[in-house]
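Shown next: model_29.txt, given as compact mmCIF, C-alpha atoms.
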```
# COMPACT_ATOMS: atom_id res chain seq x y z
CA MET A 1 0.00 0.00 0.00
CA PRO A 2 1.58 3.28 -1.03
CA PHE A 3 0.22 5.60 1.69
CA ARG A 4 1.73 5.95 5.14
CA GLU A 5 0.57 8.37 7.84
CA LEU A 6 3.61 10.32 9.04
CA SER A 7 1.62 12.37 11.52
CA ALA A 8 -2.01 13.20 12.04
CA LYS A 9 -1.85 15.79 9.27
CA LEU A 10 0.74 14.48 6.83
CA VAL A 11 0.84 11.39 4.64
CA GLU A 12 3.72 9.96 2.69
CA ALA A 13 2.98 8.33 -0.64
CA ARG A 14 5.32 6.02 -2.50
CA VAL A 15 5.26 6.16 -6.28
CA ALA A 16 6.90 3.61 -8.55
CA PRO A 17 7.27 3.54 -12.34
CA GLY A 18 4.14 2.38 -14.08
CA GLU A 19 1.92 3.44 -11.20
CA ARG A 20 0.23 6.72 -10.71
CA LEU A 21 -1.56 8.62 -8.00
CA PHE A 22 -4.09 11.38 -8.07
CA SER A 23 -3.99 14.17 -5.54
CA GLN A 24 -5.66 17.47 -4.94
CA ARG A 25 -3.80 20.15 -6.87
CA GLY A 26 -1.28 21.98 -4.71
CA ALA A 27 -1.41 19.51 -1.84
CA MET A 28 2.21 18.37 -2.25
CA VAL A 29 4.41 19.70 0.54
CA GLY A 30 7.64 17.90 -0.34
CA TYR A 31 9.08 15.01 -2.32
CA ARG A 32 12.16 12.84 -2.80
CA GLY A 33 13.31 11.23 -6.02
CA GLU A 34 12.16 11.81 -9.57
CA VAL A 35 8.52 12.72 -9.38
CA ARG A 36 6.42 14.58 -11.96
CA PHE A 37 3.25 16.47 -11.22
CA THR A 38 0.91 17.11 -14.10
CA PRO A 39 -2.43 18.82 -13.76
CA SER A 40 -5.15 16.42 -14.66
CA ILE A 41 -7.42 18.45 -16.89
CA GLN A 42 -10.02 15.74 -16.83
CA GLY A 43 -9.99 15.84 -13.03
CA GLY A 44 -9.34 12.13 -12.63
CA GLN A 45 -10.02 8.96 -14.50
CA GLY A 46 -12.51 7.69 -16.98
CA GLY A 47 -11.95 9.93 -19.96
CA TRP A 48 -13.85 12.93 -21.21
CA MET A 49 -17.33 11.64 -20.52
CA SER A 50 -16.47 11.21 -16.84
CA MET A 51 -15.03 14.69 -16.76
CA ILE A 52 -18.24 16.15 -18.14
CA GLY A 53 -20.14 14.09 -15.58
CA ARG A 54 -18.07 15.51 -12.75
CA ARG A 55 -18.39 19.07 -14.04
CA VAL A 56 -22.16 18.75 -14.26
CA ALA A 57 -22.29 17.14 -10.83
CA ASN A 58 -20.11 19.88 -9.35
CA GLU A 59 -17.75 17.21 -8.04
CA ALA A 60 -14.81 18.41 -10.12
CA THR A 61 -12.03 19.31 -7.70
CA PRO A 62 -8.78 20.25 -9.45
CA LEU A 63 -6.59 17.16 -9.37
CA MET A 64 -3.07 16.41 -10.46
CA THR A 65 -1.41 13.20 -11.57
CA VAL A 66 1.69 12.13 -9.69
CA GLU A 67 4.09 9.82 -11.53
CA GLY A 68 7.70 8.76 -11.33
CA GLN A 69 9.79 7.17 -8.65
CA GLY A 70 10.17 8.35 -5.10
CA THR A 71 8.16 9.48 -2.13
CA VAL A 72 5.81 12.45 -1.90
CA LEU A 73 4.45 14.20 1.19
CA PHE A 74 0.89 15.43 1.09
CA GLY A 75 -0.87 17.76 3.49
CA HIS A 76 -3.45 20.45 3.04
CA GLY A 77 -4.67 23.36 5.14
CA GLY A 78 -3.63 21.76 8.43
CA HIS A 79 -6.52 19.33 8.18
CA HIS A 80 -6.36 15.90 9.71
CA VAL A 81 -5.77 13.10 7.25
CA GLU A 82 -6.95 9.53 7.49
CA VAL A 83 -5.82 6.75 5.17
CA VAL A 84 -8.59 4.40 4.15
CA GLU A 85 -7.68 1.00 2.72
CA LEU A 86 -10.17 -0.36 0.23
CA ASP A 87 -10.36 -4.03 -0.53
CA GLY A 88 -13.12 -4.27 -3.07
CA GLN A 89 -15.53 -1.97 -1.19
CA THR A 90 -16.87 1.35 -2.43
CA LEU A 91 -16.00 4.50 -0.52
CA CYS A 92 -18.43 7.42 -0.74
CA VAL A 93 -16.75 10.75 -0.03
CA GLU A 94 -17.01 14.38 -1.05
CA ALA A 95 -14.53 15.30 -3.79
CA ASP A 96 -13.09 18.22 -1.84
CA ARG A 97 -12.31 15.97 1.14
CA LEU A 98 -10.19 13.68 -0.99
CA LEU A 99 -6.52 14.52 -0.55
CA ALA A 100 -4.96 11.77 -2.65
CA PHE A 101 -5.83 8.32 -3.92
CA ASP A 102 -4.33 5.39 -5.79
CA GLY A 103 -4.62 5.35 -9.53
CA SER A 104 -5.81 1.76 -9.25
CA LEU A 105 -9.10 2.88 -7.70
CA GLN A 106 -12.09 3.42 -9.92
CA GLN A 107 -13.52 6.89 -9.55
CA GLY A 108 -17.15 7.66 -10.13
CA THR A 109 -19.96 10.00 -9.20
CA LEU A 110 -23.10 8.92 -7.46
CA PHE A 111 -26.40 10.71 -7.76
CA LEU A 112 -27.85 10.90 -4.29
CA GLY A 113 -31.36 10.96 -5.65
CA ARG A 114 -30.81 7.37 -6.76
CA ASP A 115 -30.63 6.33 -3.14
CA GLY A 116 -33.99 7.47 -1.89
CA GLY A 117 -35.42 9.71 -4.62
CA VAL A 118 -36.40 13.18 -3.54
CA ARG A 119 -35.51 12.39 0.07
CA GLY A 120 -31.99 11.62 -1.12
CA MET A 121 -31.73 15.02 -2.75
CA VAL A 122 -33.01 16.77 0.36
CA ARG A 123 -30.49 14.79 2.37
CA GLY A 124 -27.71 15.94 0.07
CA GLN A 125 -28.72 19.56 0.48
CA ILE A 126 -28.93 19.41 4.26
CA SER A 127 -25.69 17.55 4.78
CA GLY A 128 -23.97 19.96 2.41
CA GLN A 129 -23.08 17.14 0.06
CA GLY A 130 -25.06 18.56 -2.80
CA LEU A 131 -26.83 16.25 -5.21
CA PHE A 132 -23.81 14.17 -6.03
CA THR A 133 -20.98 12.50 -4.21
CA THR A 134 -17.77 10.90 -5.38
CA THR A 135 -17.24 7.15 -5.14
CA LEU A 136 -13.99 5.22 -5.17
CA SER A 137 -14.00 1.48 -5.62
CA GLY A 138 -11.52 -1.32 -6.13
CA HIS A 139 -8.32 -2.22 -4.37
CA GLY A 140 -6.04 0.50 -3.06
CA SER A 141 -5.99 3.30 -0.57
CA ALA A 142 -7.19 6.85 -0.32
CA ALA A 143 -6.32 9.74 1.99
CA VAL A 144 -9.36 11.59 3.29
CA MET A 145 -9.26 15.00 5.02
CA ALA A 146 -11.32 16.17 7.96
CA HIS A 147 -11.42 19.07 10.36
CA GLY A 148 -10.20 17.63 13.65
CA GLY A 149 -9.55 13.95 14.16
CA ILE A 150 -11.58 11.18 12.59
CA ILE A 151 -13.29 8.39 14.45
CA GLN A 152 -14.48 5.23 12.72
CA LEU A 153 -17.79 3.77 13.74
CA PRO A 154 -18.75 0.31 12.58
CA ILE A 155 -22.26 -0.23 11.27
CA ALA A 156 -23.73 -3.70 11.77
CA PRO A 157 -27.14 -5.06 10.81
CA GLY A 158 -29.66 -4.09 13.47
CA ARG A 159 -27.29 -1.47 14.90
CA PRO A 160 -27.68 1.66 12.83
CA VAL A 161 -25.50 4.69 13.53
CA HIS A 162 -26.86 8.24 13.58
CA VAL A 163 -24.51 10.99 12.49
CA ASP A 164 -24.73 14.76 12.58
CA PRO A 165 -24.79 15.71 8.86
CA GLN A 166 -22.14 18.39 9.42
CA ALA A 167 -19.76 15.94 11.09
CA TYR A 168 -20.19 13.22 8.46
CA VAL A 169 -17.05 12.61 6.41
CA ALA A 170 -17.31 9.39 4.40
CA HIS A 171 -18.56 5.85 4.52
CA PHE A 172 -17.92 2.52 2.87
CA GLY A 173 -19.56 -0.86 2.66
CA ASP A 174 -23.11 -1.87 1.98
CA VAL A 175 -24.69 1.10 3.71
CA ARG A 176 -28.05 2.74 3.18
CA ASN A 177 -28.52 6.23 4.46
CA LYS A 178 -31.62 8.07 5.37
CA LEU A 179 -32.25 11.53 6.73
CA THR A 180 -34.18 11.45 9.95
CA THR A 181 -35.73 14.46 11.56
CA ALA A 182 -36.65 15.03 15.16
CA LEU A 183 -38.56 18.24 14.69
CA GLY A 184 -40.81 19.21 17.52
CA TRP A 185 -42.48 22.33 18.78
CA ARG A 186 -39.19 23.36 20.40
CA GLU A 187 -37.53 23.75 17.01
CA LEU A 188 -40.45 25.80 15.74
CA VAL A 189 -40.11 28.34 18.51
CA GLY A 190 -36.34 28.51 18.09
CA ARG A 191 -35.50 26.50 21.20
CA GLY A 192 -34.12 23.43 19.49
CA SER A 193 -31.33 21.25 20.75
CA GLY A 194 -29.41 21.77 17.51
CA GLU A 195 -29.80 18.09 16.64
CA ALA A 196 -32.94 18.24 14.53
CA PHE A 197 -31.47 16.48 11.49
CA GLN A 198 -29.51 13.28 11.61
CA LEU A 199 -28.22 10.89 9.01
CA GLU A 200 -29.18 7.35 9.82
CA LEU A 201 -26.76 4.83 8.34
CA SER A 202 -27.79 1.22 8.38
CA GLY A 203 -26.50 -1.98 6.81
CA GLU A 204 -22.96 -3.22 7.10
CA GLY A 205 -19.83 -1.14 6.82
CA MET A 206 -18.00 1.75 8.39
CA VAL A 207 -18.67 5.46 8.75
CA PHE A 208 -16.05 8.15 9.33
CA VAL A 209 -17.01 11.05 11.58
CA GLN A 210 -14.94 14.16 12.28
CA ALA A 211 -14.53 15.82 15.66
CA SER A 212 -16.06 19.06 14.49
CA GLU A 213 -19.16 20.41 12.86
CA GLU A 214 -17.32 22.62 10.42
CA LYS A 215 -16.96 22.09 6.70
CA LEU A 216 -13.49 22.12 5.17
CA MET B 1 -24.49 5.37 35.26
CA ALA B 2 -23.16 7.14 32.23
CA ARG B 3 -19.70 6.00 31.18
CA PHE B 4 -17.32 8.59 29.72
CA ARG B 5 -14.47 7.59 27.40
CA LEU B 6 -12.21 9.64 25.16
CA GLU B 7 -11.86 8.56 21.53
CA GLY B 8 -8.56 10.15 20.68
CA SER B 9 -8.27 13.58 22.28
CA LYS B 10 -11.07 15.36 20.46
CA VAL B 11 -14.10 13.08 20.68
CA LEU B 12 -15.95 12.12 23.84
CA ALA B 13 -17.92 8.87 23.83
CA VAL B 14 -20.64 8.59 26.47
CA THR B 15 -22.35 5.27 27.01
CA LEU B 16 -25.81 5.56 28.47
CA ALA B 17 -27.67 2.64 29.99
CA GLY B 18 -31.19 3.91 29.42
CA GLY B 19 -33.88 4.64 31.95
CA GLY B 20 -33.03 7.65 34.07
CA ASP B 21 -29.49 7.82 32.77
CA VAL B 22 -28.97 11.38 31.50
CA VAL B 23 -26.10 13.70 30.70
CA LYS B 24 -26.09 17.40 29.98
CA ALA B 25 -24.12 18.51 26.95
CA LYS B 26 -23.41 21.67 25.01
CA ASN B 27 -26.16 22.33 22.50
CA GLY B 28 -25.46 20.84 19.09
CA ALA B 29 -22.24 19.07 20.12
CA MET B 30 -23.41 15.57 19.16
CA VAL B 31 -21.55 14.22 16.13
CA ALA B 32 -22.84 10.64 16.07
CA TYR B 33 -24.66 8.03 18.11
CA ASP B 34 -25.80 4.45 17.99
CA GLY B 35 -28.81 3.05 19.77
CA GLU B 36 -31.72 5.25 20.77
CA MET B 37 -31.16 8.82 21.89
CA THR B 38 -33.33 11.83 22.49
CA PHE B 39 -32.08 15.40 22.70
CA LYS B 40 -33.95 18.06 24.56
CA LYS B 41 -32.83 21.62 25.02
CA LEU B 42 -32.85 22.80 28.60
CA THR B 43 -33.95 26.38 28.73
CA GLY B 44 -31.65 28.65 30.71
CA GLY B 45 -28.83 26.17 31.18
CA GLY B 46 -30.93 23.66 33.07
CA ASP B 47 -30.69 25.35 36.46
CA GLY B 48 -34.35 26.04 36.88
CA LEU B 49 -36.08 29.38 36.72
CA ARG B 50 -33.80 31.11 39.18
CA GLY B 51 -30.71 29.85 37.35
CA MET B 52 -32.15 31.02 34.08
CA VAL B 53 -32.69 34.53 35.34
CA THR B 54 -29.22 34.60 36.89
CA ARG B 55 -27.65 33.42 33.65
CA ARG B 56 -29.53 36.02 31.66
CA LEU B 57 -28.50 38.78 34.01
CA THR B 58 -24.86 37.71 34.24
CA GLY B 59 -24.39 37.08 30.56
CA GLU B 60 -23.04 33.62 31.39
CA GLN B 61 -25.60 31.92 29.19
CA MET B 62 -25.22 28.29 28.37
CA GLU B 63 -26.92 26.42 25.60
CA VAL B 64 -27.40 23.03 27.15
CA MET B 65 -29.28 19.97 26.00
CA GLN B 66 -30.27 16.92 27.93
CA VAL B 67 -29.30 13.62 26.32
CA LYS B 68 -31.22 10.55 27.32
CA GLY B 69 -31.35 7.04 25.97
CA GLN B 70 -29.55 3.77 25.51
CA GLY B 71 -26.36 3.40 23.49
CA THR B 72 -23.24 5.39 22.83
CA CYS B 73 -23.29 9.07 21.99
CA PHE B 74 -20.26 10.89 20.57
CA PHE B 75 -19.65 14.58 21.31
CA ALA B 76 -17.14 16.98 19.78
CA ASP B 77 -16.95 20.72 19.29
CA ARG B 78 -14.92 22.46 16.58
CA ALA B 79 -12.02 20.04 16.90
CA SER B 80 -11.24 21.26 20.42
CA ASP B 81 -9.32 19.02 22.79
CA ILE B 82 -11.22 17.47 25.67
CA SER B 83 -10.13 16.81 29.26
CA LEU B 84 -12.11 14.74 31.70
CA VAL B 85 -12.37 16.08 35.24
CA ARG B 86 -13.55 13.85 38.07
CA LEU B 87 -15.34 15.64 40.86
CA ASN B 88 -15.85 14.18 44.34
CA GLY B 89 -17.86 16.90 45.92
CA GLU B 90 -15.47 19.69 44.91
CA LYS B 91 -16.38 22.67 42.86
CA LEU B 92 -15.01 23.25 39.36
CA HIS B 93 -14.96 26.75 37.92
CA VAL B 94 -15.09 26.80 34.14
CA GLU B 95 -16.14 29.16 31.40
CA ALA B 96 -19.60 28.27 30.07
CA SER B 97 -18.27 28.03 26.52
CA ASN B 98 -15.61 25.53 27.62
CA LEU B 99 -17.99 23.07 29.23
CA LEU B 100 -18.82 20.19 26.86
CA CYS B 101 -20.63 17.63 28.94
CA THR B 102 -21.51 16.88 32.56
CA GLU B 103 -22.90 13.80 34.21
CA GLY B 104 -26.53 13.97 35.27
CA GLY B 105 -25.65 14.13 38.97
CA LEU B 106 -23.65 17.34 38.69
CA ARG B 107 -25.17 20.72 39.40
CA THR B 108 -24.22 23.84 37.51
CA GLY B 109 -24.44 27.42 38.68
CA THR B 110 -22.86 30.84 38.30
CA THR B 111 -20.48 32.81 40.50
CA PHE B 112 -19.05 36.29 40.50
CA THR B 113 -15.37 36.45 39.56
CA GLY B 114 -14.61 40.14 39.74
CA LEU B 115 -12.38 41.99 37.37
CA ARG B 116 -10.72 38.88 36.00
CA GLY B 117 -13.77 38.01 33.97
CA ALA B 118 -13.87 41.33 32.21
CA SER B 119 -10.23 41.07 31.17
CA GLN B 120 -10.85 37.59 29.78
CA GLY B 121 -13.61 38.83 27.59
CA ASN B 122 -16.00 36.48 29.34
CA GLY B 123 -17.89 38.90 31.48
CA LEU B 124 -17.82 39.19 35.22
CA PHE B 125 -19.21 35.78 35.98
CA THR B 126 -18.16 32.19 35.55
CA THR B 127 -19.90 28.83 35.62
CA THR B 128 -19.44 26.38 38.47
CA VAL B 129 -19.94 22.63 38.42
CA GLU B 130 -20.52 20.83 41.72
CA GLY B 131 -21.27 17.33 42.92
CA THR B 132 -19.93 13.86 42.24
CA GLY B 133 -19.23 12.68 38.73
CA LEU B 134 -17.34 13.46 35.56
CA ALA B 135 -17.27 16.67 33.56
CA ALA B 136 -15.72 17.15 30.13
CA VAL B 137 -13.92 20.45 29.57
CA LEU B 138 -12.97 21.87 26.15
CA SER B 139 -9.72 23.61 25.36
CA ASP B 140 -8.12 24.94 22.20
CA GLY B 141 -5.18 22.53 22.07
CA PRO B 142 -4.41 20.00 24.82
CA ALA B 143 -4.92 21.54 28.27
CA VAL B 144 -2.07 21.66 30.79
CA LEU B 145 -2.74 21.05 34.46
CA LEU B 146 -0.80 23.44 36.68
CA ARG B 147 -0.71 22.78 40.40
CA VAL B 148 -0.91 25.62 42.88
CA SER B 149 0.21 25.11 46.47
CA SER B 150 0.63 27.48 49.38
CA GLY B 151 3.65 29.66 48.91
CA MET B 152 3.73 28.85 45.20
CA PRO B 153 1.24 31.17 43.53
CA LEU B 154 0.58 30.90 39.81
CA GLN B 155 0.07 33.66 37.26
CA VAL B 156 -1.96 32.83 34.15
CA ASP B 157 -2.71 34.76 30.99
CA PRO B 158 -6.44 35.51 31.11
CA GLY B 159 -6.86 34.40 27.50
CA ALA B 160 -5.34 30.97 28.17
CA TYR B 161 -7.27 30.22 31.36
CA VAL B 162 -9.78 27.40 30.96
CA ALA B 163 -10.86 26.17 34.38
CA HIS B 164 -9.75 25.76 37.98
CA GLN B 165 -10.52 23.52 40.89
CA GLY B 166 -9.76 23.51 44.59
CA ASP B 167 -9.43 26.08 47.34
CA LEU B 168 -8.02 28.96 45.32
CA ARG B 169 -8.17 32.69 45.70
CA GLN B 170 -7.81 34.64 42.53
CA SER B 171 -6.70 38.17 42.05
CA PHE B 172 -6.06 40.30 39.09
CA GLN B 173 -2.75 41.97 38.45
CA SER B 174 -1.63 44.34 35.80
CA GLY B 175 1.76 45.51 34.68
CA VAL B 176 0.71 48.53 32.73
CA ASN B 177 3.55 51.06 32.54
CA PHE B 178 4.64 53.89 30.29
CA ARG B 179 5.66 51.45 27.51
CA THR B 180 2.12 50.09 27.29
CA VAL B 181 0.81 53.62 27.02
CA LEU B 182 3.20 54.27 24.15
CA GLY B 183 1.95 51.15 22.36
CA GLU B 184 5.16 49.21 23.00
CA GLY B 185 3.67 46.77 25.49
CA SER B 186 4.79 43.16 25.70
CA GLY B 187 1.26 41.83 25.30
CA GLU B 188 1.42 40.49 28.84
CA SER B 189 0.04 43.40 30.77
CA PHE B 190 -2.71 41.52 32.58
CA GLN B 191 -2.52 38.29 34.55
CA VAL B 192 -4.68 36.29 36.87
CA ARG B 193 -2.94 35.27 40.07
CA PHE B 194 -4.01 32.10 41.85
CA GLU B 195 -3.10 31.45 45.47
CA GLY B 196 -3.98 28.57 47.76
CA GLU B 197 -4.25 24.85 47.02
CA GLY B 198 -5.63 23.50 43.78
CA VAL B 199 -5.16 23.00 40.05
CA VAL B 200 -5.59 25.35 37.11
CA TYR B 201 -6.27 24.19 33.54
CA VAL B 202 -4.50 26.25 30.90
CA GLN B 203 -4.80 25.94 27.12
CA PRO B 204 -1.87 26.40 24.70
CA SER B 205 -3.71 29.17 22.89
CA GLU B 206 -5.09 32.58 23.74
CA ARG B 207 -8.58 33.87 23.24
CA ASN B 208 -9.03 37.41 22.08
CA THR B 209 -9.34 39.38 25.24
CA LEU B 210 -9.74 42.95 26.22
CA GLY B 211 -6.25 43.13 27.69
CA GLY B 212 -4.63 40.81 25.17
CA ASP B 213 -3.24 43.49 22.87
CA LEU B 214 -1.75 45.66 25.55
```
Now that the file is in, can you turn its structure into structure tokens?
Amino acid sequence: MPFRELSAKLVEARVAPGERLFSQRGAMVGYRGEVRFTPSIQGGQGGWMSMIGRRVANEATPLMTVEGQGTVLFGHGGHHVEVVELDGQTLCVEADRLLAFDGSLQQGTLFLGRDGGVRGMVRGQISGQGLFTTTLSGHGSAAVMAHGGIIQLPIAPGRPVHVDPQAYVAHFGDVRNKLTTALGWRELVGRGSGEAFQLELSGEGMVFVQASEEKL
Amino acid sequence: MARFRLEGSKVLAVTLAGGGDVVKAKNGAMVAYDGEMTFKKLTGGGDGLRGMVTRRLTGEQMEVMQVKGQGTCFFADRASDISLVRLNGEKLHVEASNLLCTEGGLRTGTTFTGLRGASQGNGLFTTTVEGTGLAAVLSDGPAVLLRVSSGMPLQVDPGAYVAHQGDLRQSFQSGVNFRTVLGEGSGESFQVRFEGEGVVYVQPSERNTLGGDL
């Protein structure tokens, strides 16, 4: 696996000839060896059609391709970084939270409306995810950014996890999500507990939650 | 009884057994939970009508919610570090904005602090926590515990003060001189002095305070 966490906020990636990495543009803080950085105009993999898809979905974060031989350090904005190893699962994450990922991972966009129709779209709006989210699948690893540390919560059948939409970072596995509301008369008179909306994640997998309710 | 556990240094996990098991937490600080939980805002900081009026008058308002249920609830606030403080009948003084979570058995109230409060930019009053149980205190960066014993007073920057515990007298001291007046101050013109026996929690960061620029 090419990623190694050097500290809570810095990851080291190893690149070898014939392999490539994608990273957020400008996130390199140092490197050793012969490494080339080329802006990826298409913003990732999958050719021009995928690029158009990402542009339309507003999931097009400027990316660069990293190739060559050596090691590269990545860090961005002092945010905490967590390396996620994927072994055939699909990771759902916002494009702007993705610091770097293996070229061997398949990148895609997911329409949230597909997972719950109109409710899915409302969920996307409230959690600040928009109508689309980025998916990564296959074998490899990805570095995900969050404000504050990340905790991983396992989701098991019959044990759903509820997450504050603002603290939600990413999830993987066979997970269904649903927006639940706990609106009562208190919220209507402006005396709410601040926890009126929650994302309920059920199924089997893992959810990543950050120790803050701020966006990146 | 509620069980408190730290997940890393920035997330507090509280396991509740259900029934009458409750904790009080800062409004909106929940980041995730499993099991069944209900959140109810306590008007006026949860100290009853008298407490509410006092908090309104003193400006030491707290947005507190009551968390009840069965399962594990995770709390965090703007990536601040968390310290757990165990109380066995003592009184903990803490700024309302730095209090993340308290066990159901703890009582909260307000006390007058004098001039210190004004220099900290927190007003003239501070929040107290009393009783037996655990309280979770927030700090910007990991908090340092500084011990104060008789004959060994401690001076603290008002902007870095988080909380204190024990039998402590506090006084306010200033080192304003002609340099400060000329705008060449060292930025350390005001300090809080603690004397007696106890501990003071200090954060490795300074809030913007009234005296901070002098």
Check your understanding: Excluding same-chain residues fewer than 4 positions from Glu5 in chain A, what lies within 9 Å of it counting all atoms listed in the file, as an MDAnalysis selection string?
Key -> chainID A and resid 9:13 81:83
Those residues with C-alpha atoms, as a compact mmCIF listing (two decimals), in the frame of the given file please?
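Done, and the output landed in again_1.txt:
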```txt
# COMPACT_ATOMS: atom_id res chain seq x y z
CA LYS A 9 -1.85 15.79 9.27
CA LEU A 10 0.74 14.48 6.83
CA VAL A 11 0.84 11.39 4.64
CA GLU A 12 3.72 9.96 2.69
CA ALA A 13 2.98 8.33 -0.64
CA VAL A 81 -5.77 13.10 7.25
CA GLU A 82 -6.95 9.53 7.49
CA VAL A 83 -5.82 6.75 5.17
```
**Study point:** Residue contacts of Ser104 in chain A (10 Å, all atoms listed in the file) excluding same-chain residues fewer than 2 positions away, as a ChimeraX atom specification
**Key:** /A:19-22,45,101-102,106-107,136-141
Grab the residues selected above and save them as a PDB file, keeping the file's coordinate frame with C-alpha atoms.
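Wrote it out as result_6.pdb, contents follow:
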```
ATOM      1  CA  GLU A  19       1.920   3.440 -11.200  1.00  0.00           C
ATOM      2  CA  ARG A  20       0.230   6.720 -10.710  1.00  0.00           C
ATOM      3  CA  LEU A  21      -1.560   8.620  -8.000  1.00  0.00           C
ATOM      4  CA  PHE A  22      -4.090  11.380  -8.070  1.00  0.00           C
ATOM      5  CA  GLN A  45     -10.020   8.960 -14.500  1.00  0.00           C
ATOM      6  CA  PHE A 101      -5.830   8.320  -3.920  1.00  0.00           C
ATOM      7  CA  ASP A 102      -4.330   5.390  -5.790  1.00  0.00           C
ATOM      8  CA  GLN A 106     -12.090   3.420  -9.920  1.00  0.00           C
ATOM      9  CA  GLN A 107     -13.520   6.890  -9.550  1.00  0.00           C
ATOM     10  CA  LEU A 136     -13.990   5.220  -5.170  1.00  0.00           C
ATOM     11  CA  SER A 137     -14.000   1.480  -5.620  1.00  0.00           C
ATOM     12  CA  GLY A 138     -11.520  -1.320  -6.130  1.00  0.00           C
ATOM     13  CA  HIS A 139      -8.320  -2.220  -4.370  1.00  0.00           C
ATOM     14  CA  GLY A 140      -6.040   0.500  -3.060  1.00  0.00           C
ATOM     15  CA  SER A 141      -5.990   3.300  -0.570  1.00  0.00           C
TER      16      SER A 141
END
```
Check your understanding: Residues of chain B within 7 Å of chain A, using all atoms listed in the file, as a ChimeraX atom specification?
Key -> /B:10-11,27-28,30-35,39-41,65,76-79
Practice item. Figure out the distance between CA of Arg4 in chain A and CA of Phe74 in chain B, please, to one decimal in Å. Key: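 Distance between the two atoms: 27.3 Å.
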Point to revise | Atom pair CA of Val144 in chain A / CA of His76 in chain A: separation (Å) | key: 10.7 Å
Exercise for review: Please identify all polymer residues lying at most 6 Å from the point (-20.1, 11.0, -8.9) (file coordinates), using only C-alpha atoms, and present the result as a list in words.
Suggested key: Gly108, Thr109, Leu110, Phe132, Thr133 and Thr134 of chain A
Review point. Leaving out Glu206 in chain B and any residue of its chain fewer than 6 positions from it, which residues lie within 9 Å of it when counting only C-alpha atoms, given as a list in words?
Key: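 Using only C-alpha atoms, the neighbours found are Asp140, Asp157, Pro158, Gly159, Ala160, Tyr161 and Gly212 of chain B.
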